[in-house]
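Here is the file start-v2.txt (compact mmCIF, C-alpha atoms).
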# COMPACT_ATOMS: atom_id res chain seq x y z
CA MET L 1 19.24 18.20 44.49
CA ALA L 2 20.42 14.74 45.55
CA ASP L 3 16.86 13.72 46.48
CA LEU L 4 15.54 14.99 43.14
CA SER L 5 18.23 13.12 41.20
CA PHE L 6 17.39 9.95 43.16
CA ILE L 7 13.69 10.29 42.27
CA VAL L 8 14.51 10.90 38.61
CA GLY L 9 16.88 7.92 38.76
CA ILE L 10 14.08 5.70 40.08
CA ILE L 11 11.81 6.89 37.24
CA GLY L 12 14.66 6.20 34.83
CA ASN L 13 15.00 2.68 36.24
CA VAL L 14 11.30 1.99 35.73
CA ILE L 15 11.31 3.31 32.16
CA SER L 16 14.53 1.45 31.31
CA ILE L 17 13.03 -1.80 32.56
CA LEU L 18 10.00 -1.12 30.36
CA VAL L 19 12.42 -0.61 27.46
CA PHE L 20 14.07 -3.95 28.23
CA THR L 21 10.70 -5.71 28.44
CA SER L 22 9.23 -4.14 25.28
CA PRO L 23 10.65 -6.84 22.93
CA ILE L 24 8.79 -9.57 24.85
CA GLY L 25 5.88 -9.33 22.39
CA THR L 26 8.31 -9.67 19.49
CA PHE L 27 9.90 -12.80 20.94
CA LYS L 28 6.51 -14.33 21.72
CA ARG L 29 5.85 -14.06 18.00
CA VAL L 30 9.30 -15.49 17.20
CA VAL L 31 8.77 -18.48 19.50
CA LYS L 32 5.23 -19.06 18.22
CA LYS L 33 6.27 -19.00 14.56
CA LYS L 34 9.69 -20.58 15.26
CA SER L 35 11.24 -17.95 12.99
CA THR L 36 12.90 -14.56 13.44
CA GLU L 37 11.34 -13.42 10.12
CA ASN L 38 12.70 -9.97 9.19
CA PHE L 39 13.47 -8.79 12.71
CA LYS L 40 16.96 -7.37 13.22
CA TRP L 41 19.37 -8.91 15.73
CA VAL L 42 21.84 -6.00 15.93
CA PRO L 43 19.87 -3.99 18.57
CA TYR L 44 19.94 -6.89 21.01
CA THR L 45 23.66 -7.60 20.74
CA THR L 46 24.65 -3.94 21.04
CA THR L 47 22.25 -3.39 23.95
CA LEU L 48 23.65 -6.47 25.73
CA LEU L 49 27.19 -5.10 25.49
CA SER L 50 26.04 -1.62 26.53
CA THR L 51 24.18 -2.83 29.63
CA CYS L 52 27.09 -5.02 30.72
CA LEU L 53 29.53 -2.10 30.46
CA TRP L 54 27.13 0.30 32.22
CA SER L 55 26.86 -2.19 35.08
CA PHE L 56 30.65 -2.14 35.32
CA TYR L 57 30.62 1.68 35.15
CA GLY L 58 28.08 1.81 38.01
CA LEU L 59 30.32 -0.42 40.14
CA LEU L 60 33.26 1.92 39.59
CA LYS L 61 31.26 5.13 40.13
CA PRO L 62 30.61 6.27 43.72
CA GLY L 63 26.86 6.35 44.33
CA GLY L 64 26.18 4.44 41.11
CA LEU L 65 23.69 1.99 42.64
CA LEU L 66 20.80 3.01 40.37
CA VAL L 67 23.03 2.60 37.33
CA VAL L 68 24.07 -0.90 38.44
CA THR L 69 20.58 -2.20 39.25
CA VAL L 70 18.85 -1.21 36.03
CA ASN L 71 21.70 -2.33 33.77
CA ALA L 72 22.11 -5.66 35.56
CA ILE L 73 18.42 -6.39 34.90
CA GLY L 74 18.89 -5.21 31.31
CA SER L 75 21.92 -7.48 30.80
CA LEU L 76 19.96 -10.51 31.95
CA MET L 77 17.00 -9.77 29.68
CA GLN L 78 19.12 -8.95 26.65
CA ALA L 79 21.05 -12.19 27.11
CA ILE L 80 17.74 -14.09 27.00
CA TYR L 81 16.74 -12.26 23.80
CA VAL L 82 20.08 -12.99 22.15
CA ILE L 83 19.84 -16.70 23.01
CA LEU L 84 16.30 -16.92 21.62
CA PHE L 85 17.33 -15.10 18.44
CA LEU L 86 20.27 -17.46 17.96
CA PHE L 87 18.00 -20.47 18.47
CA TYR L 88 15.31 -19.44 15.95
CA ALA L 89 17.41 -17.55 13.37
CA PRO L 90 18.19 -19.10 9.96
CA LYS L 91 21.47 -20.99 9.70
CA GLU L 92 23.41 -18.24 7.89
CA THR L 93 22.12 -15.51 10.22
CA ARG L 94 22.87 -17.66 13.26
CA ALA L 95 26.47 -18.19 12.20
CA LYS L 96 27.05 -14.49 11.56
CA MET L 97 25.32 -13.45 14.78
CA ALA L 98 27.27 -15.99 16.85
CA LYS L 99 30.55 -14.51 15.60
CA VAL L 100 29.45 -10.98 16.50
CA VAL L 101 28.25 -12.08 19.95
CA GLY L 102 31.56 -13.83 20.58
CA ILE L 103 33.61 -10.83 19.49
CA LEU L 104 31.53 -8.04 21.06
CA ASN L 105 29.72 -9.45 24.06
CA ILE L 106 32.47 -11.78 25.24
CA GLY L 107 35.74 -10.58 23.73
CA CYS L 108 35.30 -6.79 23.90
CA PHE L 109 33.60 -6.76 27.28
CA GLY L 110 36.23 -9.06 28.80
CA ALA L 111 39.03 -6.96 27.30
CA VAL L 112 37.62 -3.70 28.69
CA VAL L 113 37.23 -5.18 32.19
CA LEU L 114 40.71 -6.73 32.22
CA ILE L 115 42.48 -3.67 30.83
CA THR L 116 40.61 -1.34 33.19
CA LEU L 117 41.40 -3.40 36.30
CA LEU L 118 44.96 -4.38 35.43
CA ALA L 119 46.42 -1.52 33.39
CA ILE L 120 44.51 1.59 34.52
CA HIS L 121 44.38 3.02 38.02
CA GLY L 122 42.55 5.71 39.98
CA SER L 123 39.97 8.06 38.52
CA VAL L 124 41.18 7.32 34.99
CA ARG L 125 39.32 4.01 35.15
CA LEU L 126 35.97 5.75 35.39
CA LEU L 127 36.96 8.12 32.59
CA VAL L 128 37.93 5.32 30.19
CA VAL L 129 34.90 3.15 30.94
CA GLY L 130 32.64 6.22 30.72
CA PHE L 131 33.85 7.03 27.19
CA VAL L 132 33.36 3.42 26.08
CA CYS L 133 29.86 3.28 27.60
CA ALA L 134 28.85 6.59 26.03
CA ALA L 135 29.95 5.40 22.57
CA LEU L 136 28.08 2.12 22.94
CA THR L 137 24.94 3.85 24.18
CA VAL L 138 24.91 5.97 21.05
CA GLY L 139 25.25 2.73 19.09
CA MET L 140 22.38 1.19 21.06
CA TYR L 141 20.10 4.12 20.27
CA ALA L 142 21.24 4.18 16.63
CA SER L 143 20.86 0.42 16.05
CA PRO L 144 17.09 0.66 15.35
CA MET L 145 17.97 2.83 12.34
CA ALA L 146 18.17 -0.41 10.33
CA ALA L 147 14.51 -0.96 11.16
CA MET L 148 13.80 2.68 10.30
CA SER L 149 15.33 2.24 6.85
CA MET L 150 13.19 -0.87 6.31
CA VAL L 151 10.08 1.07 7.29
CA ILE L 152 10.91 3.80 4.77
CA ARG L 153 11.71 1.24 2.05
CA THR L 154 8.68 -1.02 2.58
CA LYS L 155 6.32 1.71 3.83
CA SER L 156 5.30 -0.66 6.63
CA VAL L 157 5.85 -0.38 10.40
CA GLU L 158 5.41 -4.12 10.98
CA TYR L 159 9.05 -4.71 11.94
CA MET L 160 9.55 -1.57 14.05
CA PRO L 161 7.60 -2.12 17.29
CA PHE L 162 6.00 1.05 18.57
CA SER L 163 6.55 0.18 22.25
CA LEU L 164 10.33 -0.06 21.80
CA SER L 165 10.52 3.26 19.95
CA PHE L 166 8.29 4.98 22.51
CA PHE L 167 10.19 3.75 25.57
CA LEU L 168 13.57 4.55 23.99
CA PHE L 169 12.27 8.09 23.53
CA LEU L 170 11.20 8.30 27.20
CA ASN L 171 14.35 6.59 28.41
CA GLY L 172 16.62 9.05 26.63
CA GLY L 173 14.71 12.03 28.00
CA VAL L 174 14.61 10.89 31.65
CA TRP L 175 18.26 9.82 31.82
CA SER L 176 19.28 13.10 30.18
CA ILE L 177 17.56 14.94 33.04
CA TYR L 178 19.21 12.63 35.58
CA ALA L 179 22.64 13.27 34.05
CA ALA L 180 22.07 17.03 34.02
CA LEU L 181 21.25 16.97 37.75
CA LEU L 182 24.41 15.00 38.55
CA LYS L 183 26.50 16.69 35.86
CA ASP L 184 27.49 13.30 34.46
CA TYR L 185 28.25 13.89 30.79
CA PHE L 186 28.92 10.22 30.07
CA ILE L 187 25.27 9.49 30.85
CA GLY L 188 23.88 12.79 29.55
CA VAL L 189 25.35 13.08 26.03
CA PRO L 190 24.42 9.62 24.66
CA ASN L 191 20.95 9.75 26.22
CA ALA L 192 20.33 13.18 24.71
CA ILE L 193 21.25 11.71 21.32
CA GLY L 194 18.93 8.79 22.09
CA PHE L 195 16.12 11.21 22.86
CA VAL L 196 16.55 12.81 19.41
CA LEU L 197 16.72 9.44 17.62
CA GLY L 198 13.71 8.18 19.57
CA SER L 199 11.77 11.24 18.46
CA ALA L 200 12.74 10.51 14.84
CA GLN L 201 11.51 6.91 15.18
CA LEU L 202 8.16 8.07 16.53
CA ILE L 203 7.76 10.56 13.68
CA ILE L 204 8.53 7.86 11.08
CA TYR L 205 6.14 5.48 12.81
CA ALA L 206 3.37 8.09 12.77
CA VAL L 207 3.94 8.88 9.07
CA TYR L 208 3.94 5.28 7.80
CA LYS L 209 1.31 4.04 10.21
CA ARG L 210 -1.16 6.33 8.43
CA LYS L 211 -0.13 4.90 5.06
CA ARG L 212 -1.07 1.37 6.06
CA GLN L 213 -3.60 -0.04 3.60
CA THR L 214 -7.22 -0.36 4.65
CA PRO L 215 -9.36 -3.39 3.65
CA LYS L 216 -11.10 -1.19 1.08
CA ASP L 217 -7.75 -0.32 -0.52
CA ILE L 218 -6.80 -4.00 -0.65
CA ASP L 219 -10.16 -4.90 -2.25
CA ARG L 220 -9.76 -2.08 -4.74
CA GLU L 221 -6.29 -3.25 -5.72
CA GLY L 222 -7.54 -6.84 -6.01
CA SER L 223 -10.37 -5.75 -8.32
CA ALA L 224 -7.96 -3.77 -10.45
CA GLN L 225 -5.66 -6.78 -10.78
CA LEU L 226 -8.62 -8.98 -11.75
CA VAL L 227 -9.64 -6.52 -14.46
CA ASP L 228 -6.06 -6.49 -15.80
CA VAL L 229 -5.98 -10.29 -15.97
CA GLU L 230 -9.32 -10.42 -17.81
CA LYS L 231 -8.12 -7.75 -20.23
CA GLN L 232 -4.94 -9.71 -20.95
CA GLU L 233 -6.97 -12.88 -21.59
CA TRP L 234 -9.31 -10.96 -23.97
CA ASP L 235 -6.33 -9.51 -25.86
CA THR L 236 -4.77 -12.98 -26.17
CA GLU L 237 -7.99 -14.51 -27.55
CA THR L 238 -8.44 -11.63 -30.01
CA HIS L 239 -4.86 -12.02 -31.23
CA GLN L 240 -5.30 -15.78 -31.74
CA GLU L 241 -8.54 -15.25 -33.66
CA LYS L 242 -6.92 -12.68 -35.94
CA HIS L 243 -4.04 -15.09 -36.59
CA LEU L 244 -6.42 -17.91 -37.55
CA ASN L 245 -8.37 -15.63 -39.91
CA LYS L 246 -5.13 -14.56 -41.52
CA VAL L 247 -4.13 -18.20 -42.08
CA LYS L 248 -7.53 -19.01 -43.58
CA SER L 249 -7.30 -16.06 -45.98
CA LEU L 250 -4.05 -17.27 -47.60
CA PRO L 251 -4.43 -18.22 -51.34
CA LYS L 252 -4.87 -21.91 -52.09
CA PRO L 253 -2.56 -23.50 -54.61
CA SER L 254 -4.09 -23.86 -58.11
CA VAL L 255 -4.90 -27.24 -59.68
CA SER L 256 -2.38 -26.74 -62.45
CA ARG L 257 0.40 -26.22 -59.94
CA GLN L 258 -0.59 -29.33 -58.04
CA TYR L 259 -0.72 -31.28 -61.29
CA SER L 260 2.74 -30.04 -62.34
CA LEU L 261 4.15 -30.98 -58.96
CA ASN L 262 2.67 -34.47 -59.21
CA LYS L 263 4.26 -34.90 -62.60
CA ILE L 264 7.67 -33.87 -61.28
CA VAL L 265 7.47 -36.28 -58.34
CA LYS L 266 6.32 -39.11 -60.57
CA SER L 267 9.07 -38.45 -63.10
CA ILE L 268 11.77 -38.65 -60.43
CA SER L 269 10.73 -42.22 -59.51
CA LEU L 270 10.82 -43.57 -63.14
CA THR L 271 13.64 -45.44 -64.94
CA PRO L 272 15.19 -43.80 -68.02
CA TYR L 273 13.14 -46.00 -70.37
CA GLU L 274 9.90 -45.37 -68.48
CA LEU L 275 10.75 -41.67 -68.30
CA GLN L 276 11.09 -41.48 -72.11
CA SER L 277 7.72 -43.18 -72.60
CA TYR L 278 6.08 -40.98 -69.98
CA TRP L 279 7.26 -37.75 -71.58
CA HIS L 280 6.25 -39.02 -75.03
CA GLN L 281 2.70 -39.68 -73.81
CA ASN L 282 2.44 -36.31 -72.13
CA THR L 283 3.73 -34.56 -75.26
CA ASN L 284 1.09 -36.22 -77.41
CA SER L 285 -1.67 -35.39 -74.93
CA ALA L 286 -0.54 -31.79 -74.84
CA SER L 287 -0.60 -31.60 -78.66
CA SER L 288 -4.10 -33.04 -78.73
CA GLU L 289 -5.28 -30.45 -76.23
CA ILE L 290 -3.91 -27.66 -78.41
CA LYS L 291 -5.88 -28.85 -81.44
CA PHE L 292 -9.45 -27.72 -81.01
Please rewrite the model in this file as structure tokens.
Amino acid sequence: MADLSFIVGIIGNVISILVFTSPIGTFKRVVKKKSTENFKWVPYTTTLLSTCLWSFYGLLKPGGLLVVTVNAIGSLMQAIYVILFLFYAPKETRAKMAKVVGILNIGCFGAVVLITLLAIHGSVRLLVVGFVCAALTVGMYASPMAAMSMVIRTKSVEYMPFSLSFFLFLNGGVWSIYAALLKDYFIGVPNAIGFVLGSAQLIIYAVYKRKRQTPKDIDREGSAQLVDVEKQEWDTETHQEKHLNKVKSLPKPSVSRQYSLNKIVKSISLTPYELQSYWHQNTNSASSEIKF
């Protein structure tokens, strides 16, 4: 049984290292574009804290060499990812992330180590650290749920790398078997939960990967938008033409009205004497027009 658990532990180490190396492609893209885009930083900070605490757990546990080796490698790689993310993240994100890193990865980890070594003795140390590690491992496996929600909302798997989801699925399964062989529930329970969450990520990836648009769909949508724009332009031109025709069809003022208006304007500008003469002339002309 011990030999079998050692073999499974070696397989678990290999798969875990593949999990830790899976974001390398993501950070190549980040470095190339000098931007973290819409990638989430939470998985890297929680994984860094988890691997550091599991390394400490492996040091406390008799025969925990395989636990120490894989998590020490993971701590180093996650630290590199966190530093890169801090360097290329936007200013607001960087400030928020730096606070979380300081609180979790420095403050919490240091507090757990100091309290365990100074205030707790005997086998209780392993029990306390085991509970903390189990809780954080669940958090590590659950942290990609933010990416899962984005996939469901945007219907795009661009920001949920398949390799990370796949290796988390394998990692949870292998370490669950390892824990069952050693009867270590602190390793077994969180990795079993990780196996379930990894399966959910793969299912979501498969569903929304199929819904990715093909070039034909994009061309079809572009043609539809072009038709809509042309239709809107045609409707606008038709409306303007109708408006102009309506303006042209309005009745023109009659000559008599224009003449009356001219008389009123002219009368306003005259002096009282000139006004009396003007009205006298117009009265006589009106009388002459009446007489046939």
(message) Under the rule that all atoms listed in the file are counted, which of L:Ile187, L:Met77, L:Val207, L:Leu53 is the nearest residue to L:Ile17?
(response)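 Checking each candidate against L:Ile17, we get L:Met77 as the closest.
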Around all the atoms of stretch 16-24 of chain L listed in the file, with 8 Å of room on each side, what axis-aligned box do you get, giving centre and edge lengths in Å to one decimal, as JSON?
{"center_x": 11.7, "center_y": -4.1, "center_z": 27.7, "size_x": 21.7, "size_y": 27.0, "size_z": 25.6}
(request) Name all residues at most 6 Å from L:Ser75 (count all atoms listed in the file; drop same-chain ones fewer than 5 positions away) and give them as a ChimeraX atom specification. (result) /L:48,51-52
(request) Mind giving me the straight-line distance from atom CA of L:Val112 to atom CA of L:Ser16 in Å, one decimal? (result)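 Here the two named atoms are 23.8 Å from each other.
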(request) Calculate how many Å separate atom CA of L:Met150 from atom CA of L:Ser22, rounding to one decimal. (result)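 Distance between the two atoms: 19.7 Å.
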(request) Enter the distance from atom CA of L:Met145 to atom CA of L:Ala111, in Å, rounded to one decimal. (result)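 Spanning atom CA of L:Met145 to atom CA of L:Ala111 is a straight-line distance of 27.6 Å.
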(message) I'd like the neighbourhood of L:Val68 as a PyMOL selection string, where a residue qualifies if any of its atoms comes within 7 Å (using all atoms listed in the file), though same-chain residues fewer than 2 positions away should be ignored.
(response) chain L and resi 55+58-59+64-66+70-72
(request) Find, counting all atoms listed in the file, the residue in L:Gln201, L:Ser5, L:Ser163, L:Asn38 that gets nearest to L:Leu18. (result)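 Using all atoms listed in the file, L:Leu18 sits closest to L:Ser163.
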Would you list the contacts of stretch 130-143 of chain L as a PDB file with C-alpha atoms, keeping the file's coordinate frame, taking every protein, DNA or RNA residue within 6 Å and counting all atoms listed in the file, but skipping same-chain residues closer than 2 positions in sequence?
ATOM      1  CA  PRO L  43      19.870  -3.990  18.570  1.00  0.00           C
ATOM      2  CA  THR L  46      24.650  -3.940  21.040  1.00  0.00           C
ATOM      3  CA  THR L  47      22.250  -3.390  23.950  1.00  0.00           C
ATOM      4  CA  SER L  50      26.040  -1.620  26.530  1.00  0.00           C
ATOM      5  CA  LEU L 126      35.970   5.750  35.390  1.00  0.00           C
ATOM      6  CA  LEU L 127      36.960   8.120  32.590  1.00  0.00           C
ATOM      7  CA  VAL L 128      37.930   5.320  30.190  1.00  0.00           C
ATOM      8  CA  MET L 145      17.970   2.830  12.340  1.00  0.00           C
ATOM      9  CA  PHE L 186      28.920  10.220  30.070  1.00  0.00           C
ATOM     10  CA  PRO L 190      24.420   9.620  24.660  1.00  0.00           C
ATOM     11  CA  GLY L 194      18.930   8.790  22.090  1.00  0.00           C
TER      12      GLY L 194
END
(request) Could you check which of L:Ala98, L:Val124, L:Val151, L:Ile193 is closest to L:Asn171, using all atoms listed in the file? (result)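 Residue with the minimum atom-to-atom distance to L:Asn171: L:Ile193.
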(request) Would you mind telling me which residue in L:Val113, L:Leu182, L:Leu86, L:Ala206 lies nearest to L:Gly63 when using all atoms listed in the file? (result)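 The closest residue to L:Gly63 is L:Leu182.
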Repair of stretch 158-169 of chain L at the level of all heavy atoms, as a PDB file, keeping the file's coordinate frame:
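Wrote selection.pdb, looks like this:
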ATOM      1  N   GLU L 158       5.593  -2.806  10.363  1.00  0.00           N
ATOM      2  CA  GLU L 158       5.410  -4.120  10.980  1.00  0.00           C
ATOM      3  C   GLU L 158       6.626  -4.542  11.803  1.00  0.00           C
ATOM      4  O   GLU L 158       6.489  -5.146  12.863  1.00  0.00           O
ATOM      5  CB  GLU L 158       5.129  -5.172   9.902  1.00  0.00           C
ATOM      6  CG  GLU L 158       4.886  -6.558  10.465  1.00  0.00           C
ATOM      7  CD  GLU L 158       4.591  -7.579   9.369  1.00  0.00           C
ATOM      8  OE1 GLU L 158       4.654  -7.211   8.177  1.00  0.00           O
ATOM      9  OE2 GLU L 158       4.306  -8.735   9.722  1.00  0.00           O
ATOM     10  N   TYR L 159       7.834  -4.236  11.289  1.00  0.00           N
ATOM     11  CA  TYR L 159       9.050  -4.710  11.940  1.00  0.00           C
ATOM     12  C   TYR L 159       9.758  -3.612  12.751  1.00  0.00           C
ATOM     13  O   TYR L 159      10.947  -3.712  13.020  1.00  0.00           O
ATOM     14  CB  TYR L 159      10.002  -5.320  10.904  1.00  0.00           C
ATOM     15  CG  TYR L 159       9.406  -6.542  10.236  1.00  0.00           C
ATOM     16  CD1 TYR L 159       8.888  -6.471   8.943  1.00  0.00           C
ATOM     17  CD2 TYR L 159       9.307  -7.747  10.915  1.00  0.00           C
ATOM     18  CE1 TYR L 159       8.311  -7.584   8.351  1.00  0.00           C
ATOM     19  CE2 TYR L 159       8.733  -8.861  10.334  1.00  0.00           C
ATOM     20  CZ  TYR L 159       8.251  -8.771   9.047  1.00  0.00           C
ATOM     21  OH  TYR L 159       7.683  -9.868   8.468  1.00  0.00           O
ATOM     22  N   MET L 160       9.034  -2.576  13.129  1.00  0.00           N
ATOM     23  CA  MET L 160       9.550  -1.570  14.050  1.00  0.00           C
ATOM     24  C   MET L 160       8.522  -1.382  15.155  1.00  0.00           C
ATOM     25  O   MET L 160       7.627  -0.553  15.051  1.00  0.00           O
ATOM     26  CB  MET L 160       9.832  -0.233  13.340  1.00  0.00           C
ATOM     27  CG  MET L 160      10.621   0.743  14.218  1.00  0.00           C
ATOM     28  SD  MET L 160      11.050   2.280  13.362  1.00  0.00           S
ATOM     29  CE  MET L 160       9.459   3.112  13.367  1.00  0.00           C
ATOM     30  N   PRO L 161       8.622  -2.165  16.232  1.00  0.00           N
ATOM     31  CA  PRO L 161       7.600  -2.120  17.290  1.00  0.00           C
ATOM     32  C   PRO L 161       7.479  -0.724  17.893  1.00  0.00           C
ATOM     33  O   PRO L 161       8.476  -0.085  18.235  1.00  0.00           O
ATOM     34  CB  PRO L 161       8.130  -3.131  18.325  1.00  0.00           C
ATOM     35  CG  PRO L 161       9.065  -4.013  17.566  1.00  0.00           C
ATOM     36  CD  PRO L 161       9.666  -3.161  16.503  1.00  0.00           C
ATOM     37  N   PHE L 162       6.253  -0.288  18.033  1.00  0.00           N
ATOM     38  CA  PHE L 162       6.000   1.050  18.570  1.00  0.00           C
ATOM     39  C   PHE L 162       6.465   1.166  20.027  1.00  0.00           C
ATOM     40  O   PHE L 162       7.026   2.182  20.439  1.00  0.00           O
ATOM     41  CB  PHE L 162       4.506   1.377  18.487  1.00  0.00           C
ATOM     42  CG  PHE L 162       4.123   2.646  19.197  1.00  0.00           C
ATOM     43  CD1 PHE L 162       4.375   3.877  18.616  1.00  0.00           C
ATOM     44  CD2 PHE L 162       3.520   2.606  20.451  1.00  0.00           C
ATOM     45  CE1 PHE L 162       4.041   5.055  19.270  1.00  0.00           C
ATOM     46  CE2 PHE L 162       3.178   3.779  21.109  1.00  0.00           C
ATOM     47  CZ  PHE L 162       3.440   5.001  20.520  1.00  0.00           C
ATOM     48  N   SER L 163       6.216   0.121  20.819  1.00  0.00           N
ATOM     49  CA  SER L 163       6.550   0.180  22.250  1.00  0.00           C
ATOM     50  C   SER L 163       8.040   0.419  22.459  1.00  0.00           C
ATOM     51  O   SER L 163       8.442   1.208  23.324  1.00  0.00           O
ATOM     52  CB  SER L 163       6.120  -1.108  22.943  1.00  0.00           C
ATOM     53  OG  SER L 163       6.745  -2.231  22.350  1.00  0.00           O
ATOM     54  N   LEU L 164       8.881  -0.242  21.655  1.00  0.00           N
ATOM     55  CA  LEU L 164      10.330  -0.060  21.800  1.00  0.00           C
ATOM     56  C   LEU L 164      10.726   1.363  21.453  1.00  0.00           C
ATOM     57  O   LEU L 164      11.510   1.995  22.178  1.00  0.00           O
ATOM     58  CB  LEU L 164      11.065  -1.058  20.892  1.00  0.00           C
ATOM     59  CG  LEU L 164      12.594  -0.998  20.924  1.00  0.00           C
ATOM     60  CD1 LEU L 164      13.115  -1.259  22.334  1.00  0.00           C
ATOM     61  CD2 LEU L 164      13.187  -1.995  19.939  1.00  0.00           C
ATOM     62  N   SER L 165      10.193   1.886  20.358  1.00  0.00           N
ATOM     63  CA  SER L 165      10.520   3.260  19.950  1.00  0.00           C
ATOM     64  C   SER L 165      10.051   4.267  21.003  1.00  0.00           C
ATOM     65  O   SER L 165      10.769   5.220  21.337  1.00  0.00           O
ATOM     66  CB  SER L 165       9.865   3.576  18.604  1.00  0.00           C
ATOM     67  OG  SER L 165      10.283   2.681  17.606  1.00  0.00           O
ATOM     68  N   PHE L 166       8.853   4.050  21.538  1.00  0.00           N
ATOM     69  CA  PHE L 166       8.290   4.980  22.510  1.00  0.00           C
ATOM     70  C   PHE L 166       9.104   4.989  23.808  1.00  0.00           C
ATOM     71  O   PHE L 166       9.430   6.052  24.353  1.00  0.00           O
ATOM     72  CB  PHE L 166       6.830   4.605  22.805  1.00  0.00           C
ATOM     73  CG  PHE L 166       6.172   5.478  23.828  1.00  0.00           C
ATOM     74  CD1 PHE L 166       5.874   6.801  23.532  1.00  0.00           C
ATOM     75  CD2 PHE L 166       5.842   4.985  25.081  1.00  0.00           C
ATOM     76  CE1 PHE L 166       5.262   7.622  24.485  1.00  0.00           C
ATOM     77  CE2 PHE L 166       5.226   5.788  26.027  1.00  0.00           C
ATOM     78  CZ  PHE L 166       4.950   7.117  25.728  1.00  0.00           C
ATOM     79  N   PHE L 167       9.468   3.817  24.303  1.00  0.00           N
ATOM     80  CA  PHE L 167      10.190   3.750  25.570  1.00  0.00           C
ATOM     81  C   PHE L 167      11.656   4.186  25.418  1.00  0.00           C
ATOM     82  O   PHE L 167      12.254   4.695  26.371  1.00  0.00           O
ATOM     83  CB  PHE L 167      10.102   2.350  26.168  1.00  0.00           C
ATOM     84  CG  PHE L 167       8.751   2.044  26.746  1.00  0.00           C
ATOM     85  CD1 PHE L 167       8.012   0.965  26.310  1.00  0.00           C
ATOM     86  CD2 PHE L 167       8.208   2.866  27.729  1.00  0.00           C
ATOM     87  CE1 PHE L 167       6.767   0.696  26.846  1.00  0.00           C
ATOM     88  CE2 PHE L 167       6.958   2.609  28.269  1.00  0.00           C
ATOM     89  CZ  PHE L 167       6.238   1.520  27.821  1.00  0.00           C
ATOM     90  N   LEU L 168      12.231   3.998  24.229  1.00  0.00           N
ATOM     91  CA  LEU L 168      13.570   4.550  23.990  1.00  0.00           C
ATOM     92  C   LEU L 168      13.534   6.079  24.027  1.00  0.00           C
ATOM     93  O   LEU L 168      14.451   6.726  24.541  1.00  0.00           O
ATOM     94  CB  LEU L 168      14.108   4.075  22.632  1.00  0.00           C
ATOM     95  CG  LEU L 168      14.654   2.651  22.577  1.00  0.00           C
ATOM     96  CD1 LEU L 168      15.023   2.289  21.149  1.00  0.00           C
ATOM     97  CD2 LEU L 168      15.865   2.486  23.494  1.00  0.00           C
ATOM     98  N   PHE L 169      12.473   6.649  23.488  1.00  0.00           N
ATOM     99  CA  PHE L 169      12.270   8.090  23.530  1.00  0.00           C
ATOM    100  C   PHE L 169      12.177   8.579  24.982  1.00  0.00           C
ATOM    101  O   PHE L 169      12.861   9.528  25.385  1.00  0.00           O
ATOM    102  CB  PHE L 169      10.997   8.432  22.746  1.00  0.00           C
ATOM    103  CG  PHE L 169      10.443   9.796  22.996  1.00  0.00           C
ATOM    104  CD1 PHE L 169      11.017  10.912  22.413  1.00  0.00           C
ATOM    105  CD2 PHE L 169       9.327   9.975  23.822  1.00  0.00           C
ATOM    106  CE1 PHE L 169      10.491  12.182  22.633  1.00  0.00           C
ATOM    107  CE2 PHE L 169       8.803  11.228  24.053  1.00  0.00           C
ATOM    108  CZ  PHE L 169       9.386  12.335  23.461  1.00  0.00           C
TER     109      PHE L 169
END
